[in-house]
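Pasting coords.cif here (mmCIF, C-alpha atoms and all ligand atoms):
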data_target
loop_
_atom_site.label_atom_id
_atom_site.label_comp_id
_atom_site.auth_asym_id
_atom_site.auth_seq_id
_atom_site.Cartn_x
_atom_site.Cartn_y
_atom_site.Cartn_z
CA MET A 1 80.86 89.89 8.36
CA VAL A 2 81.87 88.34 5.04
CA ASN A 3 84.40 85.53 4.86
CA TYR A 4 86.04 86.22 1.48
CA SER A 5 88.03 83.01 1.54
CA LYS A 6 84.79 81.06 1.08
CA TYR A 7 83.65 83.10 -1.91
CA ALA A 8 84.44 82.42 -5.53
CA MET A 9 83.33 84.03 -8.76
CA CYS A 10 82.67 82.44 -12.10
CA PHE A 11 81.81 84.11 -15.37
CA SER A 12 79.84 83.18 -18.41
CA ALA A 13 81.53 82.53 -21.76
CA SER A 14 80.91 86.11 -22.94
CA ILE A 15 83.40 87.49 -20.36
CA SER A 16 87.04 87.05 -21.33
CA ALA A 17 89.44 85.46 -18.84
CA ARG A 18 91.34 88.75 -18.49
CA ASP A 19 88.21 90.76 -17.68
CA GLY A 20 87.11 88.03 -15.28
CA ASP A 21 90.43 88.18 -13.42
CA ARG A 22 90.24 91.95 -13.19
CA LEU A 23 86.72 91.91 -11.82
CA ALA A 24 87.58 89.19 -9.30
CA SER A 25 90.58 91.13 -8.07
CA ILE A 26 88.47 94.28 -7.63
CA VAL A 27 85.99 92.48 -5.36
CA GLU A 28 88.85 90.53 -3.74
CA VAL A 29 87.53 87.02 -4.31
CA SER A 30 89.12 84.23 -6.30
CA ARG A 31 87.92 83.37 -9.82
CA VAL A 32 86.96 79.77 -10.63
CA ASP A 33 85.95 78.00 -13.83
CA CYS A 34 82.26 77.78 -14.42
CA HIS A 35 80.59 74.64 -13.04
CA GLU A 36 77.40 73.41 -14.51
CA LYS A 37 75.94 72.66 -11.09
CA TYR A 38 76.69 73.80 -7.58
CA LEU A 39 75.26 71.87 -4.62
CA GLY A 40 73.02 70.00 -7.07
CA LEU A 41 71.49 73.16 -8.51
CA PRO A 42 72.34 74.76 -11.86
CA CYS A 43 74.63 77.83 -11.62
CA PHE A 44 73.03 79.60 -14.54
CA SER A 45 69.40 79.63 -15.48
CA GLY A 46 67.86 80.87 -18.69
CA ARG A 47 64.22 81.34 -19.47
CA ASN A 48 63.39 77.64 -19.72
CA LYS A 49 62.90 76.77 -16.06
CA ARG A 50 61.15 73.49 -16.84
CA LYS A 51 64.26 72.05 -18.51
CA ILE A 52 66.57 73.27 -15.76
CA PHE A 53 64.59 71.77 -12.91
CA ALA A 54 63.48 68.57 -14.72
CA ASP A 55 66.36 66.67 -13.15
CA ILE A 56 65.26 67.68 -9.64
CA VAL A 57 61.63 66.78 -10.31
CA GLU A 58 62.75 63.42 -11.67
CA ARG A 59 64.82 62.63 -8.59
CA VAL A 60 62.06 63.62 -6.15
CA TRP A 61 59.52 61.61 -8.13
CA GLY A 62 61.82 58.57 -8.05
CA ARG A 63 61.98 58.82 -4.26
CA ILE A 64 58.21 59.10 -3.90
CA LYS A 65 57.62 56.11 -6.16
CA GLY A 66 60.05 54.11 -4.04
CA TRP A 67 58.09 55.05 -0.92
CA GLY A 68 54.81 54.09 -2.62
CA GLU A 69 56.05 50.60 -3.46
CA LYS A 70 57.39 50.11 0.06
CA LEU A 71 54.13 51.32 1.55
CA LEU A 72 52.29 48.23 0.34
CA SER A 73 55.00 45.64 0.10
CA VAL A 74 56.78 46.29 3.40
CA GLY A 75 54.33 45.35 6.11
CA ASP A 76 56.09 47.03 9.01
CA SER A 77 57.04 50.34 7.35
CA LEU A 78 56.10 53.47 9.28
CA ALA A 79 53.54 54.46 6.62
CA THR A 80 51.86 51.03 6.72
CA ARG A 81 51.70 51.03 10.50
CA THR A 82 50.23 54.55 10.52
CA LEU A 83 47.50 53.59 8.03
CA LYS A 84 46.79 50.39 9.93
CA GLY A 85 46.42 52.32 13.19
CA CYS A 86 43.98 54.75 11.57
CA TYR A 87 41.89 52.56 9.28
CA PHE A 88 42.15 48.84 10.08
CA PRO A 89 43.57 48.40 13.59
CA ASN A 90 42.03 44.95 14.12
CA GLY A 91 42.04 43.41 10.65
CA ASN A 92 44.01 43.37 7.43
CA PHE A 93 44.10 45.70 4.46
CA LEU A 94 41.68 43.61 2.41
CA GLU A 95 39.02 43.84 5.11
CA ALA A 96 39.34 47.62 5.42
CA THR A 97 36.68 49.88 3.94
CA LYS A 98 36.45 53.37 2.48
CA LYS A 99 35.81 56.05 5.09
CA HIS A 100 33.92 59.31 4.66
CA SER A 101 36.53 61.05 6.73
CA GLY A 102 39.37 59.14 5.07
CA SER A 103 42.28 61.01 3.55
CA TYR A 104 42.66 61.29 -0.21
CA LEU A 105 45.52 58.79 -0.01
CA TRP A 106 43.40 56.27 1.89
CA ASN A 107 40.40 56.55 -0.42
CA SER A 108 42.69 56.15 -3.44
CA LEU A 109 44.14 52.99 -1.90
CA MET A 110 40.60 51.72 -1.38
CA TRP A 111 39.89 52.19 -5.09
CA GLY A 112 43.04 50.21 -5.85
CA LYS A 113 41.90 47.48 -3.48
CA GLY A 114 39.22 46.55 -6.02
CA ILE A 115 41.94 45.69 -8.54
CA LEU A 116 43.91 43.83 -5.89
CA GLU A 117 40.88 41.70 -5.07
CA LYS A 118 40.48 40.82 -8.73
CA GLY A 119 44.00 39.45 -9.00
CA ILE A 120 44.96 37.80 -5.73
CA ARG A 121 44.41 34.18 -4.89
CA TRP A 122 45.75 31.55 -2.56
CA ARG A 123 48.67 29.37 -3.58
CA VAL A 124 48.20 25.85 -2.30
CA GLY A 125 50.86 24.71 0.13
CA ASN A 126 49.60 22.17 2.63
CA GLY A 127 46.02 23.36 2.00
CA SER A 128 45.00 23.70 5.63
CA SER A 129 44.25 27.46 5.51
CA ILE A 130 42.23 27.48 2.30
CA ARG A 131 38.47 27.06 2.59
CA VAL A 132 37.34 25.37 -0.60
CA TYR A 133 34.06 27.22 -1.21
CA LYS A 134 34.82 30.58 0.32
CA VAL A 135 38.12 31.95 -0.94
CA ASN A 136 39.89 32.50 -4.26
CA TRP A 137 42.25 29.65 -4.89
CA VAL A 138 41.52 28.08 -8.29
CA SER A 139 43.96 29.29 -10.93
CA ARG A 140 41.22 30.57 -13.22
CA PRO A 141 40.76 34.28 -13.86
CA TYR A 142 38.63 36.18 -13.07
CA THR A 143 36.70 34.45 -10.33
CA PHE A 144 39.37 32.13 -8.85
CA LYS A 145 36.52 30.47 -7.00
CA ILE A 146 34.90 27.04 -7.12
CA LEU A 147 31.73 27.26 -9.22
CA SER A 148 30.04 24.07 -8.00
CA THR A 149 27.24 24.26 -5.45
CA PRO A 150 28.64 23.03 -2.11
CA ALA A 151 28.23 19.27 -1.81
CA LEU A 152 30.75 18.97 1.02
CA ASN A 153 30.73 20.89 4.29
CA VAL A 154 31.03 24.61 3.45
CA ASP A 155 34.03 24.98 5.75
CA THR A 156 35.99 22.14 4.11
CA THR A 157 39.63 23.06 3.56
CA VAL A 158 41.75 22.12 0.57
CA ASN A 159 43.88 19.57 2.48
CA ASN A 160 40.74 17.41 2.67
CA LEU A 161 40.83 17.06 -1.12
CA LEU A 162 44.37 15.71 -1.05
CA THR A 163 45.81 12.27 -0.57
CA SER A 164 49.45 11.49 0.08
CA ARG A 165 49.92 11.10 -3.70
CA GLY A 166 48.10 14.17 -4.91
CA TRP A 167 44.54 15.28 -5.63
CA ASN A 168 41.79 12.87 -4.61
CA LEU A 169 40.34 12.42 -8.09
CA GLN A 170 37.40 10.30 -7.01
CA LEU A 171 36.31 12.77 -4.34
CA LEU A 172 36.66 15.66 -6.78
CA LYS A 173 34.62 13.95 -9.50
CA GLN A 174 31.86 13.03 -7.08
CA ASN A 175 31.42 16.50 -5.62
CA PHE A 176 32.44 19.07 -8.23
CA LEU A 177 31.47 20.13 -11.74
CA ASP A 178 33.74 18.97 -14.57
CA CYS A 179 35.05 22.49 -15.13
CA ASP A 180 36.10 22.73 -11.47
CA VAL A 181 37.75 19.31 -11.50
CA GLU A 182 39.65 20.26 -14.66
CA ALA A 183 40.86 23.53 -13.09
CA VAL A 184 41.79 21.98 -9.73
CA LEU A 185 43.84 19.19 -11.31
CA LYS A 186 46.01 21.82 -12.99
CA ILE A 187 47.06 23.27 -9.62
CA PRO A 188 50.49 22.04 -8.52
CA ILE A 189 50.52 20.82 -4.92
CA GLY A 190 53.09 22.21 -2.54
CA SER A 191 54.91 20.15 0.05
CA SER A 192 53.02 19.43 3.26
CA SER A 193 55.48 21.58 5.19
CA ARG A 194 54.84 24.66 3.03
CA ASP A 195 52.21 27.10 4.29
CA ASP A 196 49.48 28.33 1.99
CA ALA A 197 50.14 31.85 0.79
CA VAL A 198 48.26 34.71 -0.85
CA ILE A 199 49.84 35.63 -4.18
CA TRP A 200 49.24 37.98 -7.11
CA HIS A 201 48.04 35.77 -9.96
CA PHE A 202 49.23 37.91 -12.86
CA GLU A 203 52.98 37.78 -12.19
CA GLY A 204 55.11 34.66 -12.40
CA ASN A 205 56.71 35.35 -9.01
CA GLY A 206 53.35 36.09 -7.36
CA VAL A 207 54.34 39.63 -6.35
CA TYR A 208 52.11 42.55 -7.34
CA SER A 209 53.51 44.92 -9.96
CA VAL A 210 52.13 48.26 -11.15
CA LYS A 211 52.32 47.04 -14.78
CA SER A 212 50.12 43.96 -14.31
CA GLY A 213 47.78 45.86 -11.94
CA TYR A 214 47.30 48.56 -14.59
CA TRP A 215 46.63 45.90 -17.23
CA LEU A 216 44.01 44.25 -15.03
CA GLY A 217 42.38 47.61 -14.24
CA CYS A 218 41.94 48.20 -17.97
CA ASN A 219 40.64 44.71 -18.67
CA SER A 220 38.15 44.31 -15.88
CA ASP A 221 34.78 45.94 -15.31
CA LEU A 222 36.28 48.15 -12.62
CA ASN A 223 36.58 50.70 -15.33
CA PRO A 224 33.00 51.64 -16.17
CA SER A 225 33.86 53.72 -19.21
CA TYR A 226 35.87 50.94 -20.84
CA SER A 227 38.05 53.73 -22.15
CA CYS A 228 41.06 51.46 -22.30
CA TYR A 229 39.82 49.51 -25.27
CA PRO A 230 41.39 51.13 -28.27
CA ASN A 231 38.52 50.10 -30.55
CA SER A 232 35.58 50.93 -28.32
CA LYS A 233 35.04 54.53 -29.45
CA ASN A 234 34.92 53.56 -33.07
CA TRP A 235 32.86 50.50 -32.18
CA TRP A 236 29.83 52.48 -30.99
CA ASN A 237 29.81 54.47 -34.23
CA VAL A 238 29.96 51.28 -36.26
CA MET A 239 27.42 49.40 -34.15
CA TRP A 240 24.69 52.04 -34.14
CA LYS A 241 24.97 52.40 -37.92
CA LEU A 242 24.61 48.67 -38.60
CA ASP A 243 21.75 47.71 -40.81
CA LEU A 244 19.83 45.88 -38.06
CA PRO A 245 16.54 46.45 -36.18
CA LEU A 246 16.85 48.96 -33.36
CA LYS A 247 15.79 46.41 -30.72
CA LEU A 248 18.66 44.16 -31.76
CA LYS A 249 21.19 47.01 -31.54
CA ILE A 250 19.86 47.95 -28.11
CA PHE A 251 20.36 44.33 -27.06
CA ILE A 252 24.00 44.40 -28.22
CA TRP A 253 24.52 47.72 -26.45
CA LYS A 254 23.17 46.23 -23.22
CA ALA A 255 25.33 43.13 -23.65
CA CYS A 256 28.43 45.31 -24.12
CA ASN A 257 27.65 46.98 -20.80
CA ASP A 258 26.91 43.67 -19.04
CA TRP A 259 23.31 44.70 -18.46
CA ILE A 260 21.58 41.52 -19.64
CA PRO A 261 20.38 39.24 -16.83
CA THR A 262 22.87 36.38 -17.13
CA LEU A 263 23.37 34.44 -13.91
CA ALA A 264 26.81 35.94 -13.27
CA ASN A 265 25.42 39.47 -13.77
CA LEU A 266 22.52 38.73 -11.40
CA GLU A 267 24.90 37.41 -8.78
CA ARG A 268 27.11 40.50 -9.15
CA ARG A 269 24.04 42.60 -8.35
CA GLY A 270 23.45 40.73 -5.11
CA LEU A 271 20.88 38.06 -6.11
CA LYS A 272 21.42 34.68 -4.54
CA VAL A 273 21.70 32.53 -7.68
CA ASN A 274 24.06 29.82 -8.80
CA LYS A 275 26.03 31.44 -11.57
CA VAL A 276 27.09 28.26 -13.34
CA CYS A 277 25.81 28.11 -16.93
CA PRO A 278 22.60 26.03 -16.85
CA LEU A 279 23.16 24.78 -20.42
CA CYS A 280 26.69 23.38 -20.35
CA ARG A 281 27.47 23.51 -16.59
CA ARG A 282 31.12 24.04 -17.42
CA ALA A 283 31.71 27.69 -16.53
CA GLU A 284 30.02 30.70 -14.98
CA GLU A 285 27.38 32.30 -17.15
CA SER A 286 28.89 35.67 -18.01
CA THR A 287 27.54 37.73 -20.91
CA LEU A 288 30.30 36.49 -23.19
CA HIS A 289 29.63 32.91 -22.18
CA ALA A 290 25.85 33.15 -22.65
CA LEU A 291 26.07 34.79 -26.09
CA TRP A 292 29.12 33.15 -27.61
CA ASP A 293 31.42 31.05 -25.48
CA CYS A 294 29.02 28.38 -24.20
CA HIS A 295 29.98 24.85 -25.20
CA LYS A 296 26.43 24.25 -26.39
CA MET A 297 26.87 26.94 -29.03
CA ARG A 298 30.02 25.61 -30.57
CA TYR A 299 28.38 25.19 -33.95
CA ALA A 300 28.34 28.92 -34.31
CA ARG A 301 32.05 29.13 -33.62
CA MET A 302 33.23 26.17 -35.65
CA ASP A 303 31.12 26.52 -38.75
CA TRP A 304 31.25 30.16 -39.31
CA LEU A 305 34.14 32.42 -38.26
CA PRO A 306 37.52 31.17 -39.50
CA LYS A 307 39.90 30.19 -36.70
CA LYS A 308 42.32 33.00 -37.45
CA VAL A 309 39.54 35.56 -36.83
CA VAL A 310 38.89 34.38 -33.28
CA PRO A 311 42.23 34.30 -31.49
CA GLN A 312 42.90 31.72 -28.84
CA SER A 313 43.39 34.29 -26.10
CA ARG A 314 40.55 34.55 -23.63
CA TYR A 315 38.56 37.75 -23.71
CA ALA A 316 37.80 39.46 -20.42
CA ASN A 317 34.22 40.34 -21.39
CA PHE A 318 31.77 40.64 -24.26
CA LEU A 319 32.74 44.20 -25.19
CA GLU A 320 36.39 43.23 -25.54
CA PHE A 321 35.39 40.25 -27.67
CA ILE A 322 33.11 42.08 -30.08
CA THR A 323 35.27 45.19 -30.46
CA ASP A 324 38.21 42.98 -31.33
CA ILE A 325 36.32 40.77 -33.78
CA ALA A 326 34.68 43.83 -35.37
CA THR A 327 38.09 44.99 -36.58
CA ARG A 328 38.72 41.68 -38.35
CA ILE A 329 35.48 41.12 -40.29
CA ASP A 330 33.42 43.07 -42.79
CA ASN A 331 30.07 44.69 -42.06
CA GLU A 332 28.05 41.78 -43.42
CA ALA A 333 29.77 39.30 -41.10
CA LEU A 334 29.47 41.73 -38.20
CA ARG A 335 25.72 41.98 -38.75
CA THR A 336 25.49 38.20 -38.72
CA LEU A 337 27.62 38.01 -35.56
CA CYS A 338 25.25 40.41 -33.75
CA VAL A 339 22.24 38.36 -34.86
CA ILE A 340 23.94 35.11 -33.72
CA CYS A 341 24.46 36.57 -30.23
CA TRP A 342 20.87 37.78 -30.10
CA ARG A 343 19.55 34.42 -31.31
CA ASN A 344 21.71 32.52 -28.80
CA TRP A 345 20.19 34.60 -26.00
CA PHE A 346 16.68 33.86 -27.30
CA LEU A 347 17.37 30.10 -27.42
CA ARG A 348 18.97 30.18 -23.97
CA ASN A 349 15.85 31.88 -22.53
CA ALA A 350 13.51 29.49 -24.32
CA SER A 351 15.44 26.59 -22.87
CA ILE A 352 15.44 27.93 -19.31
CA HIS A 353 12.00 29.51 -19.05
CA ARG A 354 9.93 27.43 -21.48
CA ASP A 355 11.83 24.18 -21.22
CA ASN A 356 12.36 24.09 -24.99
CA LYS A 357 15.28 22.00 -26.11
CA PRO A 358 17.43 24.55 -27.93
CA ASN A 359 18.56 23.67 -31.42
CA TYR A 360 21.84 25.45 -31.92
CA SER A 361 22.74 23.64 -35.11
CA ASP A 362 20.94 26.10 -37.36
CA VAL A 363 21.80 29.30 -35.49
CA VAL A 364 24.25 30.44 -38.13
CA TRP A 365 21.91 29.66 -41.01
CA TRP A 366 19.00 31.40 -39.25
CA SER A 367 21.09 34.46 -38.37
CA ARG A 368 22.55 34.83 -41.84
CA ASN A 369 19.07 34.66 -43.34
CA PHE A 370 17.69 37.16 -40.87
CA ALA A 371 20.53 39.64 -41.47
CA ALA A 372 20.19 39.28 -45.25
CA LYS A 373 16.42 39.85 -45.15
CA ILE A 374 16.78 42.98 -43.05
CA HIS A 375 19.50 44.30 -45.32
CA ALA A 376 17.45 43.58 -48.44
CA SER A 377 14.27 45.21 -47.17
CA SER A 378 16.11 48.33 -46.02
CA HIS A 379 17.86 48.48 -49.38
CA VAL A 380 14.55 48.46 -51.23
CA LYS A 381 13.18 51.02 -48.79
CA ASP A 382 16.17 53.27 -49.37
CA LYS A 383 15.87 53.20 -53.13
CA GLY A 384 12.10 53.57 -53.07
CA LEU A 385 9.72 51.20 -54.78
CA PRO A 386 10.04 50.97 -58.57
CA LYS A 387 7.45 53.04 -60.40
CA MET A 388 4.41 51.16 -61.65
CA ASN A 389 4.22 50.59 -65.33
CA LYS A 390 1.60 52.97 -66.65
CA SER A 391 0.29 50.33 -69.00
CA TYR A 392 -0.43 48.06 -66.02
CA PRO A 393 -4.11 47.09 -66.30
CA ARG A 394 -6.47 48.62 -63.75
CA TRP A 395 -7.94 46.28 -61.18
CA THR A 396 -11.41 45.06 -61.96
CA ALA A 397 -13.71 42.97 -59.80
CA PRO A 398 -14.05 39.33 -60.84
CA THR A 399 -17.25 38.18 -62.30
CA LYS A 400 -19.83 36.84 -59.92
CA GLY A 401 -19.14 33.34 -58.59
CA LEU A 402 -15.29 33.63 -58.98
CA TYR A 403 -12.66 34.49 -56.31
CA MET A 404 -9.52 36.50 -57.06
CA ILE A 405 -6.22 36.50 -55.08
CA ASN A 406 -4.07 39.57 -55.76
CA CYS A 407 -0.33 39.35 -55.37
CA CYS A 408 2.54 41.65 -56.18
CA ALA A 409 6.28 40.94 -56.49
CA ILE A 410 8.93 43.58 -56.86
CA SER A 411 12.49 42.72 -57.74
CA ASP A 412 15.32 45.18 -57.86
CA ILE A 413 17.40 43.72 -60.68
CA GLY A 414 21.12 43.50 -59.98
CA THR A 415 20.76 43.23 -56.23
CA THR A 416 19.37 40.61 -53.89
CA GLY A 417 16.40 42.73 -52.83
CA TRP A 418 12.99 41.05 -53.11
CA VAL A 419 9.61 42.05 -51.72
CA LEU A 420 6.60 39.78 -52.07
CA GLU A 421 3.26 41.15 -50.93
CA TRP A 422 -0.02 39.28 -50.53
ZN ZN B 501 27.46 27.22 -21.04
#

Translate this file's structure into structure tokens.
Ligand SMILES: [Zn+2]
Amino acid sequence: MVNYSKYAMCFSASISARDGDRLASIVEVSRVDCHEKYLGLPCFSGRNKRKIFADIVERVWGRIKGWGEKLLSVGDSLATRTLKGCYFPNGNFLEATKKHSGSYLWNSLMWGKGILEKGIRWRVGNGSSIRVYKVNWVSRPYTFKILSTPALNVDTTVNNLLTSRGWNLQLLKQNFLDCDVEAVLKIPIGSSSRDDAVIWHFEGNGVYSVKSGYWLGCNSDLNPSYSCYPNSKNWWNVMWKLDLPLKLKIFIWKACNDWIPTLANLERRGLKVNKVCPLCRRAEESTLHALWDCHKMRYARMDWLPKKVVPQSRYANFLEFITDIATRIDNEALRTLCVICWRNWFLRNASIHRDNKPNYSDVVWWSRNFAAKIHASSHVKDKGLPKMNKSYPRWTAPTKGLYMINCCAISDIGTTGWVLEW
């Protein structure tokens, strides 16, 4: 049975009003003006379905995103409680692990947990919940941990480092490295009635956001392909073509991938070592620190690259540093930079393993010389040795009782290439 009173007809622009009225009267329903949408859906559809339904997709997507944000930020939402029941009934999200039988959603969240762990730290309130040596609480990316070897009880909490007036400077200086003391003194102290809280370091309000999480994901070694660095693709082309010995380029390639055995890299691979730089004892010995950032190597920084070339911002790792600098300097300077890093690593090893006192003051001079020599010899090799003058006298043995030393020097006039053979 059809209820005609609930029906209405509308016509496209190609049907005149008179024809529309006639047709409507034939089928005995009323005629209405054309509406663009009816019950949220378009009345007319052409061939381009994507454009017509884009609005619907957008609205559904908006809803899903809203759910996603609530899933993590609202602790007692149905979704959170369901996941907790399945995957971490007796702990918290940060203690949960990836499961073989876990859903795609759960395993994706576990991947994201790695980023979360890189950016969360404790905010000091009264300090009673924060264990000094065990948790992230120092406002210093990317470790957020105390670097000093424990001199106090390992379970000491932060409130033990406080006096009624603020940080206990004497206690800090006696038991922690300078770099730790410096970092701790920068932390504002909350009131004694305020609880300690876990916050997201990379937002001013301490609340996680997708934007800052994405930024951190791109800038940390969670991303093994480093595909987020805009310069990295071009960098490998440039680096492998540099006029440097292959062993040196392999060293730089390893450094870019964090494969050289610095103390921080060894610790990351599970070795029980103290990752504080053994030369300056002011920061952890990452690749960037060992090859460039160490305070003991400041000569290289101050004497050589102009300040405007090395921006003040802190680089997340060596690859980010060198790919950025490579875009600001010419090939000659880049060759020297690679040699400086290589030389710094050599001096660091000599100091640690052979107890040699490293002399960093001539690193730049040494590296420049080395790079120039390599460039010159390859230049001569490329052009081929100059042809011998045909009138050059043939070698004859010296007369008995005399000694002869033969030497040969070749100069390529107009360039800096020199070869001296003995
Ligand atoms: Zn150092």

Taking all atoms listed in the file into account, list the residues no farther than 7 Å from ligand ZN 501 (chain B), as a PyMOL selection string. chain A and resi 277-283+285+289-290+294-296

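Comparing A:Cys407, A:Met9, A:Leu271, A:Val363 by their smallest distance to Leu347 in chain A, the closest is A:Val363 (using all atoms listed in the file).
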
Which residue out of A:Leu266, A:Ile199, A:Val273, A:Cys341 has the minimum interatomic distance to Phe251 in chain A when only C-alpha atoms are used?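 Ranking A:Leu266, A:Ile199, A:Val273, A:Cys341 by distance to Phe251 in chain A, first place goes to A:Cys341.
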
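Interatomic distance, CA of Leu169 in chain A against CA of Val198 in chain A: 24.7 Å.
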
Residues near Ile252 in chain A, cut-off 9 Å, only C-alpha atoms, skip fewer than 5 positions along chain, as number ranges by chain: A: 239, 247, 257, 338, 341-342

Shortest interatomic distance to Leu305 in chain A - which of A:Leu337, A:Thr287, A:Ile189, A:Ala96, counting all atoms listed in the file: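 Comparing A:Leu337, A:Thr287, A:Ile189, A:Ala96 against Leu305 in chain A, the winner is A:Leu337.
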
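Closest approach to Asn159 in chain A among A:Trp345, A:Gln174, A:Gly125, A:Lys84 is made by A:Gly125 (distances from all atoms listed in the file).
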
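Here CA of Leu185 in chain A and CA of Asn274 in chain A stand 22.6 Å from one another.
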
With a distance cut-off of 7 Å and all atoms listed in the file, select the neighbouring residues of range 193-196 of chain A, excluding the residue or stretch itself and same-chain residues fewer than 2 positions from it, and output the selection as a PDB file with C-alpha atoms, keeping the file's coordinate frame.
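Once everything was written out, this is out.pdb:
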ATOM      1  CA  TRP A 122      45.750  31.550  -2.560  1.00  0.00           C
ATOM      2  CA  ARG A 123      48.670  29.370  -3.580  1.00  0.00           C
ATOM      3  CA  VAL A 124      48.200  25.850  -2.300  1.00  0.00           C
ATOM      4  CA  GLY A 125      50.860  24.710   0.130  1.00  0.00           C
ATOM      5  CA  ASN A 126      49.600  22.170   2.630  1.00  0.00           C
ATOM      6  CA  GLY A 127      46.020  23.360   2.000  1.00  0.00           C
ATOM      7  CA  SER A 129      44.250  27.460   5.510  1.00  0.00           C
ATOM      8  CA  GLY A 190      53.090  22.210  -2.540  1.00  0.00           C
ATOM      9  CA  SER A 191      54.910  20.150   0.050  1.00  0.00           C
TER      10      SER A 191
END

Can you tell me how far CA of Trp259 in chain A sits from CA of Trp292 in chain A, in Å to one decimal?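 One can read the CA of Trp259 in chain A to CA of Trp292 in chain A distance as 15.8 Å.
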
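Between Lys241 in chain A and the candidates A:His100, A:His201, A:Arg348, A:Arg335, the tightest atom-to-atom separation, counting only C-alpha atoms, involves A:Arg335.
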
Neighbourhood query: residues within 9 Å of (28.5, 25.2, -7.1), file coordinates, counting only C-alpha atoms; return as a VMD selection string. chain A and resid 133 146 to 151 176 to 177 274 to 276

For Cys10 in chain A, the closest of A:Ser351, A:Ser25, A:Ser30, A:Ser101 counting all atoms listed in the file is A:Ser30

Got a sec: who's within 10 Å of Leu244 in chain A, counting only C-alpha atoms, leaving out chain neighbours fewer than 5 positions off, as a ChimeraX atom specification? /A:239,249,335-336,338-339,370-375,378
